[in-house]
Amino acid sequence: MRAVRFGTPLPEQITPPEGLSADTVAERIAAGLGNDAGERSSRTYGEIVRANVFTRFNAILGTMIVIILVVGSPIDALFAWIVIVNSLIGIVQEVRAKRTLDRLAVLAAPHARVVRAGVTVEVAVGDVVLDDLVALTVGDQVPADGIVSVVLGLEVDESLLTGESDPIDKRTGDEVLSGSFVVAGSGTFQATRVGADAYARSLAAEARRFTVARSEITDSINRLLRYIQWALFPTALVLLVRQLAKVSAAKALTSLVAAVVGMVPEGLVLLTSLAFGIAAVTLARRRVLVQELPAVEGLARVDVVCLDKTGTLTEGEIAFDRAEPLDGATAVTALAALGALADDPERNATMAAVGEAVVAPAGWVRTGAVPFSSARKWSAAAFADRGTWVFGAPEMVLPDDAGAPARRRADALADEGRRVLLLAHSDAPLGGGGDDRDRDDRDDRDDGEPTLPAGLVPVALVVFAERIRPDAAETLRYFASQGVACKVISGDNPRTVAAVAAEVGVPDAERAVDARDLPVDPDALADVVEAGTVFGRVTPQQKRAMVTALQARGHVVAMTGDGVNDALALKDADIGVAMGSGAAATRAVAQLVLLDGQFARMPGVVAEGRRVIANIERSANLFVTKTVYAILIAVFVAAVGWHYPFLPRQLTIVSTFTIGIPGFFLAIAPNRRRYVPGFLERVLHFTVPAGLVASSAALTAYAVTYYGDDVSLVRARTAATVALVAVGLWVLVCLARPVNWWRALLVGVMAGAVVLIVLVPPLREFYALATLSGQVLVETAVVALAGMVGIEVVWQVTRRGIARRHPEYAAEVAAAR
C-alpha cells in the first residue's frame with residue numbers, strides 16, 4: 001500500500017463493506033470520536049456579551065464613571081447610559097443576527113453519505129464517526145481524512161489544502177484529506193481521522209467559522225481608533241495637571257472626565273457592527289446566507305462580476321432535446337448507447353437529463369468507465385462486445401477534425417444557443433484512468449491520465465435545451481448601470497455561451513473567446529480578460545487564473561458559481577457567491593450563499609453592501625468630528641490654563657442629540673450611493689477641519705462670554721454648549737444630504753430636544769445650564785452662525801475634492817451637496 005503523504009493513520013481494523021453497526025456508531029460518539037470539531041457559524045452568547053461589554057473604550061468610560069461617582073455629582077455620570085445602551089443594542093442585534101444566521105446555516109450545512117448496517121444514509125458532516133465508510137461523488141467535499149476502499153474513476157482536487165491545482169487520481173489504499181473535493185468519479189473511504197484531528201481542521205485559514213474578514217471599513221476604523229488612543233492619554237494627562245494647578249482635585253477630575261468622554265468615539269464600533277448585523281439579517285430574509293459579515297461591505301466595492309452561464313444566466317436544469325444521428329448511424333443505436341451511458345448511479349447532471357428521457361437498454365454490460373471531469377470535458381464507458389463509447393464536447397472529442405461535418409453541424413447548433421455534445425464510438429479499448437473498483441493489485445493498474453480511444457467515429461450530436469432566466473437581462477442591466485462589468489465564464493462551447501449572453505444583453509457577446517486559446521502569461525491573460533466579456537471552454541484552473549489576473553489589475557472581483565468547477569475561483573475571488581443548490585465544495589468556500597439559487601438576488605445584495613458602507617461613513621464622520629473637537633478643546637485649555645468649558649453632563653447633550661441618536665438612524669437608513677474609494681482619507685479630510693471649526697466656535701463663545709463679558713462660569717458654559725450644539729447639528733445636516741422628509745424631521749427633532757432642555761427650568765437646572773441675557777445670546781448666535789458657515793464651507797470643499805479625484809462619482813457627490 002502506498003505511503004501516505006500527510007500522515008493519515010492506517011485503520012487499526014478494516015470496516016466491512018456493510019459499514020458500522022448502530023451500536024458501534026453510538027460507542028464512537030460516546031467516546032468523542034465524532035467529526036464535530038466545535039466549529040460554528042457564529043459566536044456563542046457568552047462571546048457576544050464579552051465582545052460588546054469588555055471593550056477598550058467601555059473600560060475608559062467605566063473608569064470615568066467611577067471617578068465621577070467618587071469625587072463629583074452623579075448627574076455628571078449621565079454618559080453611563082451611553083455605555084449601557086451601546087452594549088445592549090450591540091448584544092441584542094448580534095443575538096438576533098446569530099439566531100437568524102444559525103437557522104440558515106443549518107439549512108445550508110453540508111451532509112455526508114455513510115454506509116451503516118448495509119444501508120447508505122445521509123447524515124450531517126458532524127455526525128460522521130471514526131471508521132465510518134463515507135461515500136463520495138462529484139461535487140462532494142471530503143468531510144474527514146481517510147483511506148480509499150472503493151473507487152470508480154475517483155479524482156480529487158486538493159488545491160485548497162496543498163496549492164496543487166491538478167486533480168489527483170485516487171485508487172484503493174490512497175488517502176483522502178478533509179477539505180478536498182471530488183471533481184470526477186466516485187468512491188468510498190474509511191474515515192481514519194475525524195473532528196479536530198482532521199488535516200483541514202488544523203489549517204486555521206481554511207476553517208469555515210464566524211470571522212470578521214479584513215475589509216477597508218474595519219481596517220480604517222481600527223486605524224482611527226489607534227490614532228485616537230495615541231492622542232487621548234497624553235492630552236488627558238496634561239489637562240489634568242494644568243487643571244490641578246488651577247482648581248480643586250474634585251473639579252480637576254470632573255474636567256478630566258468631561259474631556260475624556262468627549263474624546264471617546266463610544267458608538268463608532270457599535271454602529272459599524274450594528275450596520276453589518278442588520279445587513280446580514282436583511283439579506284437572510286431574502287434567502288441569502290452571509291457566512292462572513294464584512295463580505296456585505298466587500299460587495300459595495302465590487303467592480304467586476306464573473307458568472308457562469310449554467311445556473312446563473314440559465315435556470316441550471318437542462319433537458320434532453322434530441323439526438324441527431326451522423327454518418328449513417330441510426331437513432332436507435334444512438335439512443336441505446338446514450339441509455340447505457342446514463343445507466344450509472346454516479347452520473348452527473350447532463351447524464352441524469354439523458355437518463356430521464358432515454359430508457360437503458362438490456363444486454364449492455366459495462367466493463368470500464370472514465371467519469372466526466374471539468375478539465376477533460378468528456379466521459380466514456382466500455383461495454384462487453386460493444387466497444388467504447390465517448391460522450392463530451394465536440395471540440396474535445398474530435399480536437400483535430402475542426403472541418404468535419406459533425407463539428408460544423410455542432411458549431412451551427414451552438415450558434416443558435418443550443419448546448420451540444422457529441423456521442424462517438426470506437427472499437428479500441430478504453431484508455432488509462434478507468435473504473436478501478438475491481439482492481440486490488442495496485443502494481444498492475446494504469447496510472448496514466450485517461451485518454452481518448454483511437455479510431456473514434458461520430459455517431460450522433462445530442463442537443464439539450466436550457467431556459468434563460470427571465471430576470472437575467474434585468475439583473476445584468478442593473479450591474480451595467482452601476483458601473484460593474486460582467487464577465488461570463490463558462491465551460492460550455494464559446495458559441496453556445498455567446499448566443500445566450502447576447503440574448504440577455506451582455507455587450508460584445510459576439511466576440512466570445514475560446515479559453516483554449518488564452519495565454520498562460522499572467523499579464524497577457526489580464527489583457528485578454530479585461531477586454532473580453534464572454535469566455536467558453538474555461539477549465540477550473542483557468543477560472544481561478546482569470547480571477548487572479550483581474551485582481552492584479554486592481555479590480556475587486558465577485559465570482560458566482562454552483563458547480564465544483566467553480567470552487568477554486570470562488571475561493572480566490574474577493575467575494576465568492578455560491579448557489580444554495582450547488583455543490584457542497586462551492587458553498588463551503590463562499591462568503592455568501594444564495595439559498596434559493598436566484599441570481600436576481602445579486603442586485604439587492606450589492607445594494608445592501610453599498611448601503612452599509614455609505615451609512616458607516618456618515619456615522620464615522622459624526623463620531624470622529626466629535627473626537628477631533630474634543631481633543632482640540634482639551635489641548636487648547638491645557639495650553640492656556642482656562643477652566644474646562646464643559647461639565648460631563650453638558651457634553652452628554654452634545655453627544656446624544658448631535659451624534660448618538662442621529663448616528664443610529666443614519667446607520668440603518670436606506671442609502672443608494674455608489675461606493676467611492678478612500679474611506680479613511682475622506683473621513684479625515686472632513687472631520688479634521690470640521691472639528692477645528694467646531695472647537696473654535698465653542699471656545700470663542702466661551703471666551704467672549706466668560707472673559708469678555710465677565711459672566712458667570714455657568715452662563716459661559718451654557719453659551720459654549722449652545723454654540724457647539726448648533727455647529728454639531730449643522731454637521732448632521734451636511735451628512736444627512738440629500739435631505740428628505742424623514743432626515744429633515746430627524747434634525748428638527750434633535751434641535752427641538754435641545755431647545756426644550758434650555759427652555760424648561762427643571763431640565764436646564766439638571767444639565768447645569770442657565771438663561772442667557774440678550775447680549776450674550778446675540779454673541780452666542782453670531783458665533784454659532786459663523787461656525788455653521790464654516791462647516792458648510794468645509795463640506796463643499798471636501799465634496800468638490802472627491803468629485804475632482806473621482807470624476808466617475810461626480811453625480812453621487814453632487815447629490816450630497
# chains A, B, ... in the order shown; residues from 1 in each chain; ligands from 1

call {"tool": "residues_around", "arguments": {"residues": "A:Ala719", "least_positions_apart": "3", "cutoff": "6 Å", "atoms": "only C-alpha atoms", "output": "list in words"}}
result
Ala701, Ala716, Val722 and Thr780 of chain A

call {"tool": "write_last_selection", "arguments": {"atoms": "all heavy atoms", "output": "PDB file, in the first residue's frame"}}
result
ATOM      1  N   ALA A 701     -17.168  81.209  21.869  1.00  0.00           N
ATOM      2  CA  ALA A 701     -18.351  81.547  22.659  1.00  0.00           C
ATOM      3  C   ALA A 701     -18.004  81.580  24.146  1.00  0.00           C
ATOM      4  O   ALA A 701     -18.458  82.475  24.893  1.00  0.00           O
ATOM      5  CB  ALA A 701     -19.464  80.537  22.384  1.00  0.00           C
ATOM      6  N   ALA A 716     -21.285  81.012  30.858  1.00  0.00           N
ATOM      7  CA  ALA A 716     -20.273  80.830  29.813  1.00  0.00           C
ATOM      8  C   ALA A 716     -20.293  79.401  29.277  1.00  0.00           C
ATOM      9  O   ALA A 716     -20.173  79.166  28.065  1.00  0.00           O
ATOM     10  CB  ALA A 716     -18.889  81.172  30.357  1.00  0.00           C
ATOM     11  N   VAL A 722     -24.384  75.729  23.749  1.00  0.00           N
ATOM     12  CA  VAL A 722     -25.324  76.089  22.685  1.00  0.00           C
ATOM     13  C   VAL A 722     -24.599  76.226  21.351  1.00  0.00           C
ATOM     14  O   VAL A 722     -25.061  75.736  20.307  1.00  0.00           O
ATOM     15  CB  VAL A 722     -26.069  77.388  23.048  1.00  0.00           C
ATOM     16  CG1 VAL A 722     -26.868  77.903  21.850  1.00  0.00           C
ATOM     17  CG2 VAL A 722     -26.991  77.148  24.237  1.00  0.00           C
ATOM     18  N   THR A 780     -23.566  84.642  21.232  1.00  0.00           N
ATOM     19  CA  THR A 780     -23.533  83.184  21.035  1.00  0.00           C
ATOM     20  C   THR A 780     -24.104  82.813  19.678  1.00  0.00           C
ATOM     21  O   THR A 780     -23.565  81.934  18.975  1.00  0.00           O
ATOM     22  CB  THR A 780     -24.319  82.484  22.155  1.00  0.00           C
ATOM     23  OG1 THR A 780     -23.772  82.856  23.426  1.00  0.00           O
ATOM     24  CG2 THR A 780     -24.270  80.978  21.996  1.00  0.00           C
TER      25      THR A 780
END

call {"tool": "select_by_dssp", "arguments": {"residues": "stretch 80-288 of chain A", "states": "helix (DSSP H, G or I)", "output": "JSON, numbers by chain"}}
result
{"A": [80, 81, 82, 83, 84, 85, 86, 87, 88, 89, 90, 91, 92, 93, 94, 95, 96, 97, 98, 99, 100, 101, 102, 103, 104, 105, 106, 107, 108, 125, 126, 127, 159, 160, 161, 162, 195, 196, 197, 200, 201, 202, 204, 205, 206, 216, 217, 218, 219, 220, 221, 222, 223, 224, 225, 226, 227, 228, 229, 230, 231, 232, 233, 234, 235, 236, 237, 238, 239, 240, 241, 242, 243, 244, 249, 250, 251, 252, 253, 254, 255, 256, 257, 258, 259, 260, 261, 262, 263, 268, 269, 270, 271, 272, 273, 274, 275, 276, 277, 278, 279, 280, 281, 282, 283, 284, 285]}

call {"tool": "closest_residue", "arguments": {"among": "A:Pro361, A:Gly660, A:Gly483, A:Gly708", "to": "A:Val776", "atoms": "only C-alpha atoms"}}
result
A:Gly708

call {"tool": "residues_around", "arguments": {"residues": "A:Leu422", "least_positions_apart": "2", "cutoff": "9 Å", "atoms": "only C-alpha atoms", "output": "list in words"}}
result
Val390, Phe391, Gly392, Ala393, Pro394, Glu395, Val397, Leu398, Ala406, Arg407, Ala410, Val420, Ala424, Pro458, Val459, Ala460, Leu461, Val462 and Val463 of chain A

call {"tool": "residues_around", "arguments": {"residues": "A:Val484", "least_positions_apart": "3", "cutoff": "12 Å", "atoms": "only C-alpha atoms", "output": "MDAnalysis selection string"}}
result
chainID A and resid 299:306 475:481 487 555:558 602:603 606 674:675

call {"tool": "residues_around", "arguments": {"residues": "stretch 308-323 of chain A", "least_positions_apart": "5", "cutoff": "7 Å", "atoms": "only C-alpha atoms", "output": "PDB file with N, CA, C and O atoms, in the first residue's frame"}}
result
ATOM      1  N   ALA A 353     -30.083  14.069 -17.143  1.00  0.00           N
ATOM      2  CA  ALA A 353     -31.079  14.561 -18.096  1.00  0.00           C
ATOM      3  C   ALA A 353     -31.304  13.551 -19.208  1.00  0.00           C
ATOM      4  O   ALA A 353     -32.447  13.338 -19.667  1.00  0.00           O
ATOM      5  N   VAL A 354     -30.232  12.892 -19.654  1.00  0.00           N
ATOM      6  CA  VAL A 354     -30.380  11.850 -20.672  1.00  0.00           C
ATOM      7  C   VAL A 354     -31.170  10.681 -20.097  1.00  0.00           C
ATOM      8  O   VAL A 354     -32.082  10.131 -20.740  1.00  0.00           O
ATOM      9  N   ALA A 357     -34.887  10.827 -20.087  1.00  0.00           N
ATOM     10  CA  ALA A 357     -35.584  10.799 -21.377  1.00  0.00           C
ATOM     11  C   ALA A 357     -35.356   9.509 -22.161  1.00  0.00           C
ATOM     12  O   ALA A 357     -36.158   9.169 -23.043  1.00  0.00           O
ATOM     13  N   ALA A 460     -23.585  10.603 -33.110  1.00  0.00           N
ATOM     14  CA  ALA A 460     -24.748  11.495 -33.017  1.00  0.00           C
ATOM     15  C   ALA A 460     -24.370  12.770 -32.277  1.00  0.00           C
ATOM     16  O   ALA A 460     -23.467  12.775 -31.433  1.00  0.00           O
ATOM     17  N   LEU A 461     -25.048  13.831 -32.639  1.00  0.00           N
ATOM     18  CA  LEU A 461     -24.993  15.064 -31.867  1.00  0.00           C
ATOM     19  C   LEU A 461     -26.197  15.074 -30.934  1.00  0.00           C
ATOM     20  O   LEU A 461     -27.332  14.844 -31.375  1.00  0.00           O
ATOM     21  N   VAL A 462     -25.948  15.312 -29.656  1.00  0.00           N
ATOM     22  CA  VAL A 462     -27.020  15.300 -28.658  1.00  0.00           C
ATOM     23  C   VAL A 462     -27.282  16.740 -28.243  1.00  0.00           C
ATOM     24  O   VAL A 462     -26.376  17.446 -27.794  1.00  0.00           O
ATOM     25  N   VAL A 463     -28.516  17.172 -28.426  1.00  0.00           N
ATOM     26  CA  VAL A 463     -28.892  18.568 -28.193  1.00  0.00           C
ATOM     27  C   VAL A 463     -29.693  18.654 -26.894  1.00  0.00           C
ATOM     28  O   VAL A 463     -30.615  17.859 -26.661  1.00  0.00           O
ATOM     29  N   PHE A 464     -29.317  19.614 -26.071  1.00  0.00           N
ATOM     30  CA  PHE A 464     -30.008  19.842 -24.807  1.00  0.00           C
ATOM     31  C   PHE A 464     -30.653  21.222 -24.826  1.00  0.00           C
ATOM     32  O   PHE A 464     -30.155  22.159 -25.456  1.00  0.00           O
ATOM     33  N   ALA A 465     -31.752  21.336 -24.129  1.00  0.00           N
ATOM     34  CA  ALA A 465     -32.471  22.615 -24.052  1.00  0.00           C
ATOM     35  C   ALA A 465     -32.201  23.248 -22.696  1.00  0.00           C
ATOM     36  O   ALA A 465     -32.204  22.571 -21.660  1.00  0.00           O
ATOM     37  N   GLU A 466     -31.938  24.556 -22.709  1.00  0.00           N
ATOM     38  CA  GLU A 466     -31.757  25.336 -21.486  1.00  0.00           C
ATOM     39  C   GLU A 466     -32.684  26.534 -21.540  1.00  0.00           C
ATOM     40  O   GLU A 466     -32.858  27.144 -22.602  1.00  0.00           O
ATOM     41  N   ARG A 467     -33.264  26.859 -20.404  1.00  0.00           N
ATOM     42  CA  ARG A 467     -34.144  28.029 -20.344  1.00  0.00           C
ATOM     43  C   ARG A 467     -33.413  29.190 -19.697  1.00  0.00           C
ATOM     44  O   ARG A 467     -32.836  29.053 -18.621  1.00  0.00           O
ATOM     45  N   ILE A 468     -33.452  30.335 -20.376  1.00  0.00           N
ATOM     46  CA  ILE A 468     -32.816  31.535 -19.832  1.00  0.00           C
ATOM     47  C   ILE A 468     -33.684  32.087 -18.708  1.00  0.00           C
ATOM     48  O   ILE A 468     -34.915  32.134 -18.812  1.00  0.00           O
ATOM     49  N   ARG A 469     -33.043  32.480 -17.645  1.00  0.00           N
ATOM     50  CA  ARG A 469     -33.781  33.060 -16.525  1.00  0.00           C
ATOM     51  C   ARG A 469     -34.486  34.335 -16.981  1.00  0.00           C
ATOM     52  O   ARG A 469     -33.859  35.204 -17.603  1.00  0.00           O
ATOM     53  N   ALA A 472     -32.637  37.519 -15.877  1.00  0.00           N
ATOM     54  CA  ALA A 472     -31.200  37.634 -16.126  1.00  0.00           C
ATOM     55  C   ALA A 472     -30.849  38.950 -16.811  1.00  0.00           C
ATOM     56  O   ALA A 472     -29.903  39.640 -16.421  1.00  0.00           O
ATOM     57  N   VAL A 488     -18.847  36.627 -18.452  1.00  0.00           N
ATOM     58  CA  VAL A 488     -19.461  35.303 -18.478  1.00  0.00           C
ATOM     59  C   VAL A 488     -18.342  34.295 -18.731  1.00  0.00           C
ATOM     60  O   VAL A 488     -17.706  34.310 -19.786  1.00  0.00           O
ATOM     61  N   ILE A 489     -18.099  33.434 -17.757  1.00  0.00           N
ATOM     62  CA  ILE A 489     -17.005  32.453 -17.821  1.00  0.00           C
ATOM     63  C   ILE A 489     -17.623  31.070 -17.690  1.00  0.00           C
ATOM     64  O   ILE A 489     -18.125  30.702 -16.630  1.00  0.00           O
ATOM     65  N   SER A 490     -17.588  30.307 -18.766  1.00  0.00           N
ATOM     66  CA  SER A 490     -18.310  29.033 -18.794  1.00  0.00           C
ATOM     67  C   SER A 490     -17.443  27.936 -19.377  1.00  0.00           C
ATOM     68  O   SER A 490     -16.522  28.185 -20.161  1.00  0.00           O
ATOM     69  N   VAL A 497     -22.295  29.796 -25.419  1.00  0.00           N
ATOM     70  CA  VAL A 497     -22.234  30.820 -24.380  1.00  0.00           C
ATOM     71  C   VAL A 497     -22.505  32.198 -24.979  1.00  0.00           C
ATOM     72  O   VAL A 497     -23.236  33.012 -24.403  1.00  0.00           O
ATOM     73  N   THR A 560     -19.538  34.166  -9.026  1.00  0.00           N
ATOM     74  CA  THR A 560     -20.718  33.364  -8.717  1.00  0.00           C
ATOM     75  C   THR A 560     -20.578  32.009  -9.390  1.00  0.00           C
ATOM     76  O   THR A 560     -20.025  31.905 -10.482  1.00  0.00           O
ATOM     77  N   GLY A 561     -21.070  30.978  -8.733  1.00  0.00           N
ATOM     78  CA  GLY A 561     -20.998  29.652  -9.323  1.00  0.00           C
ATOM     79  C   GLY A 561     -21.759  28.646  -8.503  1.00  0.00           C
ATOM     80  O   GLY A 561     -22.108  28.896  -7.347  1.00  0.00           O
ATOM     81  N   ASP A 562     -21.997  27.483  -9.114  1.00  0.00           N
ATOM     82  CA  ASP A 562     -22.714  26.428  -8.396  1.00  0.00           C
ATOM     83  C   ASP A 562     -22.045  25.072  -8.521  1.00  0.00           C
ATOM     84  O   ASP A 562     -22.349  24.163  -7.775  1.00  0.00           O
ATOM     85  N   PHE A 599     -30.198  34.231  -9.118  1.00  0.00           N
ATOM     86  CA  PHE A 599     -29.188  35.233  -9.445  1.00  0.00           C
ATOM     87  C   PHE A 599     -29.762  36.649  -9.316  1.00  0.00           C
ATOM     88  O   PHE A 599     -29.032  37.608  -9.066  1.00  0.00           O
TER      89      PHE A 599
END

call {"tool": "residues_around", "arguments": {"residues": "A:Gln229", "least_positions_apart": "2", "cutoff": "12 Å", "atoms": "only C-alpha atoms", "output": "PDB file with N, CA and C atoms, in the first residue's frame"}}
result
ATOM      1  N   ARG A  56     -12.297  48.270  24.810  1.00  0.00           N
ATOM      2  CA  ARG A  56     -11.294  49.230  25.250  1.00  0.00           C
ATOM      3  C   ARG A  56     -11.941  50.534  25.716  1.00  0.00           C
ATOM      4  N   PHE A  57     -12.873  51.049  24.920  1.00  0.00           N
ATOM      5  CA  PHE A  57     -13.465  52.337  25.259  1.00  0.00           C
ATOM      6  C   PHE A  57     -14.492  52.214  26.382  1.00  0.00           C
ATOM      7  N   ILE A  60     -12.425  52.601  29.416  1.00  0.00           N
ATOM      8  CA  ILE A  60     -12.077  54.004  29.683  1.00  0.00           C
ATOM      9  C   ILE A  60     -13.266  54.742  30.281  1.00  0.00           C
ATOM     10  N   ASN A 222     -10.182  50.669  12.646  1.00  0.00           N
ATOM     11  CA  ASN A 222      -9.146  50.276  13.599  1.00  0.00           C
ATOM     12  C   ASN A 222      -7.984  51.263  13.606  1.00  0.00           C
ATOM     13  N   ARG A 223      -7.613  51.765  12.433  1.00  0.00           N
ATOM     14  CA  ARG A 223      -6.557  52.782  12.376  1.00  0.00           C
ATOM     15  C   ARG A 223      -7.005  54.061  13.088  1.00  0.00           C
ATOM     16  N   LEU A 224      -8.248  54.466  12.857  1.00  0.00           N
ATOM     17  CA  LEU A 224      -8.774  55.652  13.535  1.00  0.00           C
ATOM     18  C   LEU A 224      -8.706  55.499  15.051  1.00  0.00           C
ATOM     19  N   LEU A 225      -9.114  54.337  15.518  1.00  0.00           N
ATOM     20  CA  LEU A 225      -9.114  54.102  16.963  1.00  0.00           C
ATOM     21  C   LEU A 225      -7.699  54.143  17.537  1.00  0.00           C
ATOM     22  N   ARG A 226      -6.731  53.646  16.768  1.00  0.00           N
ATOM     23  CA  ARG A 226      -5.343  53.726  17.242  1.00  0.00           C
ATOM     24  C   ARG A 226      -4.887  55.179  17.334  1.00  0.00           C
ATOM     25  N   TYR A 227      -5.209  55.982  16.295  1.00  0.00           N
ATOM     26  CA  TYR A 227      -4.850  57.401  16.330  1.00  0.00           C
ATOM     27  C   TYR A 227      -5.458  58.086  17.557  1.00  0.00           C
ATOM     28  N   ALA A 231      -3.694  59.911  20.960  1.00  0.00           N
ATOM     29  CA  ALA A 231      -3.908  61.316  21.324  1.00  0.00           C
ATOM     30  C   ALA A 231      -4.580  61.455  22.686  1.00  0.00           C
ATOM     31  N   LEU A 232      -5.393  60.472  23.056  1.00  0.00           N
ATOM     32  CA  LEU A 232      -6.233  60.614  24.251  1.00  0.00           C
ATOM     33  C   LEU A 232      -5.418  60.677  25.548  1.00  0.00           C
ATOM     34  N   PHE A 233      -4.541  59.729  25.772  1.00  0.00           N
ATOM     35  CA  PHE A 233      -3.887  59.619  27.073  1.00  0.00           C
ATOM     36  C   PHE A 233      -2.938  60.781  27.369  1.00  0.00           C
ATOM     37  N   PRO A 234      -2.058  61.165  26.439  1.00  0.00           N
ATOM     38  CA  PRO A 234      -1.204  62.319  26.781  1.00  0.00           C
ATOM     39  C   PRO A 234      -1.987  63.613  26.942  1.00  0.00           C
ATOM     40  N   THR A 235      -3.013  63.797  26.109  1.00  0.00           N
ATOM     41  CA  THR A 235      -3.835  65.010  26.234  1.00  0.00           C
ATOM     42  C   THR A 235      -4.533  65.047  27.587  1.00  0.00           C
ATOM     43  N   ALA A 236      -5.101  63.918  27.989  1.00  0.00           N
ATOM     44  CA  ALA A 236      -5.803  63.857  29.277  1.00  0.00           C
ATOM     45  C   ALA A 236      -4.847  64.109  30.440  1.00  0.00           C
ATOM     46  N   VAL A 260     -12.326  63.508  28.523  1.00  0.00           N
ATOM     47  CA  VAL A 260     -12.134  62.137  28.040  1.00  0.00           C
ATOM     48  C   VAL A 260     -13.403  61.605  27.397  1.00  0.00           C
ATOM     49  N   MET A 263     -13.661  62.831  23.967  1.00  0.00           N
ATOM     50  CA  MET A 263     -12.683  62.295  23.017  1.00  0.00           C
ATOM     51  C   MET A 263     -12.979  60.858  22.603  1.00  0.00           C
ATOM     52  N   VAL A 264     -13.762  60.133  23.377  1.00  0.00           N
ATOM     53  CA  VAL A 264     -14.026  58.720  23.084  1.00  0.00           C
ATOM     54  C   VAL A 264     -15.165  58.599  22.070  1.00  0.00           C
ATOM     55  N   PRO A 265     -14.924  57.956  20.909  1.00  0.00           N
ATOM     56  CA  PRO A 265     -16.000  57.735  19.919  1.00  0.00           C
ATOM     57  C   PRO A 265     -16.805  56.501  20.300  1.00  0.00           C
ATOM     58  N   THR A 627     -14.685  63.643  18.234  1.00  0.00           N
ATOM     59  CA  THR A 627     -13.393  63.328  18.844  1.00  0.00           C
ATOM     60  C   THR A 627     -12.363  64.407  18.536  1.00  0.00           C
ATOM     61  N   ILE A 631     -10.579  66.759  21.403  1.00  0.00           N
ATOM     62  CA  ILE A 631      -9.125  66.773  21.600  1.00  0.00           C
ATOM     63  C   ILE A 631      -8.583  68.196  21.479  1.00  0.00           C
TER      64      ILE A 631
END

call {"tool": "residues_around", "arguments": {"residues": "A:Ala498", "least_positions_apart": "4", "cutoff": "7 Å", "atoms": "only C-alpha atoms", "output": "list in words"}}
result
Pro494, Ala502, Ala509, Glu510, Ala512 and Val534 of chain A

call {"tool": "closest_residue", "arguments": {"among": "A:Val128, A:Val628, A:Ala567, A:Ile67", "to": "A:Ala258", "atoms": "only C-alpha atoms"}}
result
A:Ile67

call {"tool": "closest_residue", "arguments": {"among": "A:Asp344, A:Asp157, A:Asp327, A:Asp492", "to": "A:Arg418", "atoms": "only C-alpha atoms"}}
result
A:Asp492

call {"tool": "closest_residue", "arguments": {"among": "A:Ala768, A:Val71, A:Cys486, A:Ile221", "to": "A:Leu647", "atoms": "only C-alpha atoms"}}
result
A:Ala768

call {"tool": "atom_distance", "arguments": {"atom1": "atom CA of A:Lys626", "atom2": "atom CA of A:Ile668"}}
result
20.4 Å

call {"tool": "decode", "arguments": {"residues": "stretch 741-745 of chain A", "atoms": "all heavy atoms", "output": "compact mmCIF listing (two decimals), in the first residue's frame"}}
result
# COMPACT_ATOMS: atom_id res chain seq x y z
N TRP A 741 -37.77 63.98 3.73
CA TRP A 741 -38.67 64.36 4.82
C TRP A 741 -38.25 63.77 6.16
O TRP A 741 -38.28 64.45 7.19
CB TRP A 741 -40.10 63.95 4.49
CG TRP A 741 -40.34 62.46 4.52
CD1 TRP A 741 -40.27 61.59 3.48
CD2 TRP A 741 -40.67 61.66 5.67
NE1 TRP A 741 -40.52 60.31 3.88
CE2 TRP A 741 -40.78 60.32 5.22
CE3 TRP A 741 -40.88 61.94 7.02
CZ2 TRP A 741 -41.09 59.27 6.08
CZ3 TRP A 741 -41.19 60.89 7.88
CH2 TRP A 741 -41.30 59.58 7.40
N TRP A 742 -37.81 62.49 6.17
CA TRP A 742 -37.51 61.88 7.47
C TRP A 742 -36.17 62.39 8.01
O TRP A 742 -36.00 62.49 9.23
CB TRP A 742 -37.53 60.36 7.37
CG TRP A 742 -36.38 59.70 6.65
CD1 TRP A 742 -36.35 59.28 5.36
CD2 TRP A 742 -35.10 59.39 7.22
NE1 TRP A 742 -35.12 58.74 5.07
CE2 TRP A 742 -34.34 58.78 6.19
CE3 TRP A 742 -34.52 59.56 8.48
CZ2 TRP A 742 -33.04 58.35 6.38
CZ3 TRP A 742 -33.21 59.14 8.68
CH2 TRP A 742 -32.48 58.54 7.63
N ARG A 743 -35.24 62.72 7.13
CA ARG A 743 -33.98 63.29 7.61
C ARG A 743 -34.19 64.70 8.16
O ARG A 743 -33.60 65.08 9.18
CB ARG A 743 -32.95 63.30 6.49
CG ARG A 743 -32.46 61.90 6.12
CD ARG A 743 -31.55 61.92 4.92
NE ARG A 743 -31.14 60.58 4.55
CZ ARG A 743 -30.66 60.25 3.37
NH1 ARG A 743 -30.54 61.17 2.42
NH2 ARG A 743 -30.32 59.01 3.10
N ALA A 744 -35.03 65.48 7.46
CA ALA A 744 -35.35 66.82 7.97
C ALA A 744 -36.06 66.71 9.32
O ALA A 744 -35.78 67.49 10.25
CB ALA A 744 -36.23 67.55 6.96
N LEU A 745 -36.96 65.73 9.44
CA LEU A 745 -37.66 65.52 10.71
C LEU A 745 -36.67 65.12 11.81
O LEU A 745 -36.76 65.59 12.95
CB LEU A 745 -38.71 64.43 10.54
CG LEU A 745 -39.52 64.06 11.79
CD1 LEU A 745 -40.33 65.26 12.27
CD2 LEU A 745 -40.44 62.87 11.51
